[in-house]
Amino acid sequence: MLDPQLLRRDLDRVAEALARRGFALPRERLRAIEARRKAFQTEVERLQAERNARSKAIGIAKAKGEDPSGLLAEVAGLGERLQGLERELAEVLREWEAIALEIPNLPHESVPLGRDEQDNRELRRFGEPHTFSFPVRDHVELGARKGWLDAETAARLSGARFTVLRGELARLHRALAQFMLDLHTREHGYLEVNTPLLVLPEVMQGTGQLPKFEADLFAVAGEPRRYLIPTAEVTLTNLVRERILSAEELPLRLTAHTPCFRAEAGSYGKDVRGMIRQHQFEKVELVQIRRPEDSYAALEEMTGHAEEVLRRLGLPYRLVALCTGDLGFASAKTYDLEVWLPSQNRYREISSCSNCEAFQARRMQARFRDPASGKSEYVHTLNGSGVAVGRALIAVMENYQNEDGSITVPEVLRPYLGGVERIA
RNA sequence: GGAGAGGUGGCAGAGUGGUUGAAUGCGCCGGACUCGAAAUCCGGUAUACGGGUUUUCCCGUAUCGAGGGUUCGAAUCCCUCCCUCUCCGCCA
């Protein structure tokens with residue numbers, strides 16, 4: 001959520017900034033609601049003050065043993081009038097909030113202007129795409145050879161867009177996740193966290209999935225309604241919801257390896273093949289909770305942590321700054337990491353690192369106390385994939401494939417596979 | 001899932017309808033005393049929103065697990081829900 005003050009006082013500037021990311025702010029509607037809000041609130045508070053003063057006088061009169069009936073007559077009808085106005089005020093506030101919750105974050109000034117993916121800006125590349133002396137196979141072919149990767153069986157269990165992994169490939173998948181967690185906890189200073197996978201609606205609202213993107217989520221039957229997390233960003237970030245942290249607790253660096261569940265109806269061309277886009281996948285997530293003045297340095301740092309995963313795996317990738325039009329709902333600035341996929345002869349997203357500034361913090365009521373001023377202030381929240389495990393598996397398979405269909409195990413993963421150098 | 005107990009400020013813990021945003025203690029901050037510290041004493045110590053001066057500040061409103069109700073007035077009475085603890089059942 002944006003700062004309500006900003007929305008009240010600087011509506012035109014907000015509208016201009018949001019237009020850069022392709023969002024049309026319902027300016028006139030907000031202005032009208034705001035005018036009503038102000039009128040109702042002023043009147044409600046005036047009547048409340050009157051009621052309080054008179055009630056107090058009644059109390060005093062009674063304590064002195066005086067007859068309060070005259071005073072009682074004066075307040076007759078006040079309660080009902082107040083109640084009516086209070087209801088109207090509540091209704092106006094609800095209306096305002098419903099709109100405010102669907103307004104995306106303001107893009108940071110450094111975000112390149114653009115309409116869609118085409119306008120994203122490549123910042124750097126790492127590694128050279130390997131040239132193969134034989135026709136490359138994609139991960140689906142490579143996985144089919146030994147029954148390692150099986151979409152058909154998965155479909156029988158769960159429908160389209162699920163995968164069964166078996167044998168050495170399942171093990172390699174596990175090794176990747178372990179490697180990432182170890183790297184981030186041992187070398188990058190993250191605290192490993194194991195979180196619930198089902199969360200309440202208000203938690204989804206905190207990070208921005210609700211109310212706008214309910215269609216992307218899986219909900220579970222039962223009371224209260226719970227949702228499967230689409231990313232551990234949801235649980236890791238909400239760890240600080242409704243808290244006022246002390247300054248010494250910051251920064252927080254948190255990581256978790258979890259399954260992620262996404263409903264995301266609709267097809268994406270080539271991605272229906274294989275395990276690029278699934279309803280369920282695994283990811284190692286990075287989250288940082290920061291003081292506002294540190295958050296952009298933290299974004300660079302965290303992106304570096306995700307990059308380090310790909311570097312150590314020896315996977316060629318490039319770093320891209322998303323343009324205003326491609327930015328996620330809650331993000332003020334996002335870097336994507338795209339890994340080289342030989343079968344597609346192009347780079348594909350494997351990580352996304354965002355600074356949400358105070359957007360999520362405001363929804364979650366996550367603050368810290370600034371020792372200098374003694375005041376509480378919203379924290380800044382950042383999240384990044386470090387990295388998507390399923391896609392990392394695909395990248396390893398395709399980039400490390402051999403002519404016979406076997407796959408060389410990247411050196412850093414061998415300790416996790418009992419020293420095995422290739423799976424065949 | 002069943003039975004019982006309980007949810008009050010950073011913590012502990014009073015408070016069963018009235019000048020209560022809330023006693024008291026602890027903690028924390030500032031000051032006094034001291035060469036310094038401890039002890040002692042004095043003062044301060046929630047959050048959000050709105051309004052005024054928009055820098056220290058002042059005023060109003062709301063908040064005692066959440067929501068609703070009764071009342072001129074609710075931490076206190078009533079209803080619904082949530083959570084925690086104890087015991088039983090079930091379960092990896």
# chains A, B, ... in the order shown; residues from 1 in each chain; ligands from 1
$ interface_residues --of "chain B" --to "chain A" --cutoff "6 Å" --atoms "only C-alpha atoms (C1' of nucleotides)" --output "list in words"
G18, U61, C72 and G73 of chain B
$ residues_around --residues "Arg37 in chain A" --least-positions-apart "3" --cutoff "7 Å" --atoms "only C-alpha atoms (C1' of nucleotides)" --output "list in words"
Ile33, Glu34, Phe40, Gln41, Leu89, Val92 and Leu93 of chain A
$ write_last_selection --atoms "all heavy atoms" --output "compact mmCIF listing (two decimals), in the first residue's frame"
# COMPACT_ATOMS: atom_id res chain seq x y z
N ILE A 33 -14.00 10.40 -2.63
CA ILE A 33 -14.06 9.63 -1.39
C ILE A 33 -13.35 10.38 -0.27
O ILE A 33 -13.83 10.45 0.86
CB ILE A 33 -13.43 8.24 -1.59
CG1 ILE A 33 -14.30 7.41 -2.52
CG2 ILE A 33 -13.25 7.54 -0.26
CD1 ILE A 33 -13.65 6.11 -2.95
N GLU A 34 -12.23 10.98 -0.60
CA GLU A 34 -11.44 11.69 0.40
C GLU A 34 -12.23 12.88 0.97
O GLU A 34 -12.20 13.14 2.17
CB GLU A 34 -10.11 12.15 -0.21
CG GLU A 34 -9.31 13.12 0.63
CD GLU A 34 -8.92 12.58 2.01
OE1 GLU A 34 -9.12 11.38 2.25
OE2 GLU A 34 -8.44 13.37 2.84
N PHE A 40 -17.10 13.42 7.10
CA PHE A 40 -17.66 12.49 8.08
C PHE A 40 -16.78 12.41 9.33
O PHE A 40 -17.26 12.42 10.44
CB PHE A 40 -17.81 11.09 7.47
CG PHE A 40 -19.06 10.94 6.65
CD1 PHE A 40 -19.00 10.54 5.33
CD2 PHE A 40 -20.31 11.18 7.22
CE1 PHE A 40 -20.16 10.41 4.58
CE2 PHE A 40 -21.47 11.04 6.48
CZ PHE A 40 -21.39 10.66 5.14
N GLN A 41 -15.49 12.31 9.10
CA GLN A 41 -14.61 12.10 10.25
C GLN A 41 -14.63 13.30 11.18
O GLN A 41 -14.70 13.15 12.41
CB GLN A 41 -13.18 11.83 9.77
CG GLN A 41 -12.25 11.51 10.94
CD GLN A 41 -10.97 10.83 10.51
OE1 GLN A 41 -10.88 10.28 9.42
NE2 GLN A 41 -9.97 10.86 11.37
N LEU A 89 -19.07 6.67 8.03
CA LEU A 89 -17.62 6.87 7.99
C LEU A 89 -16.91 5.55 7.73
O LEU A 89 -16.01 5.46 6.89
CB LEU A 89 -17.15 7.48 9.31
CG LEU A 89 -15.63 7.66 9.43
CD1 LEU A 89 -15.10 8.61 8.36
CD2 LEU A 89 -15.25 8.17 10.82
N VAL A 92 -17.16 4.63 4.13
CA VAL A 92 -16.26 5.42 3.29
C VAL A 92 -14.82 4.91 3.43
O VAL A 92 -14.10 4.77 2.43
CB VAL A 92 -16.33 6.91 3.68
CG1 VAL A 92 -15.25 7.69 2.95
CG2 VAL A 92 -17.70 7.48 3.33
N LEU A 93 -14.42 4.61 4.65
CA LEU A 93 -13.06 4.12 4.87
C LEU A 93 -12.84 2.78 4.17
O LEU A 93 -11.77 2.52 3.61
CB LEU A 93 -12.77 3.99 6.37
CG LEU A 93 -12.62 5.31 7.13
CD1 LEU A 93 -12.47 5.07 8.62
CD2 LEU A 93 -11.45 6.13 6.60
$ residues_around --residues "range 270-279 of chain A" --least-positions-apart "5" --cutoff "7 Å" --atoms "only C-alpha atoms (C1' of nucleotides)" --output "ChimeraX atom specification"
/A:140,161-163,261-263,391
$ write_last_selection --atoms "C-alpha atoms" --output "PDB file, in the first residue's frame"
ATOM      1  CA  VAL A 140      12.269 -33.039 -21.364  1.00  0.00           C
ATOM      2  CA  ARG A 161       1.638 -28.906 -15.023  1.00  0.00           C
ATOM      3  CA  PHE A 162       2.987 -31.182 -12.379  1.00  0.00           C
ATOM      4  CA  THR A 163       6.106 -33.303 -12.500  1.00  0.00           C
ATOM      5  CA  PHE A 261       2.061 -23.239  -5.487  1.00  0.00           C
ATOM      6  CA  ARG A 262       0.687 -21.178  -8.331  1.00  0.00           C
ATOM      7  CA  ALA A 263      -2.679 -21.486 -10.001  1.00  0.00           C
ATOM      8  CA  ARG A 391      14.579 -24.096 -13.150  1.00  0.00           C
TER       9      ARG A 391
END
$ atom_distance --atom1 "C1' of C81 in chain B" --atom2 "C1' of A66 in chain B"
7.5 Å
$ closest_residue --among "A:Pro224, A:Gly147, A:Gly328, A:Gly304" --to "C82 in chain B" --atoms "only C-alpha atoms (C1' of nucleotides)"
A:Pro224
$ select_by_dssp --residues "range 71-309 of chain A" --states "helix (DSSP H, G or I)" --output "PyMOL selection string"
chain A and resi 71-75+78-100+117-119+139-144+151-158+167-186+201-207+214-216+233-238+247-249+269-272+292-309
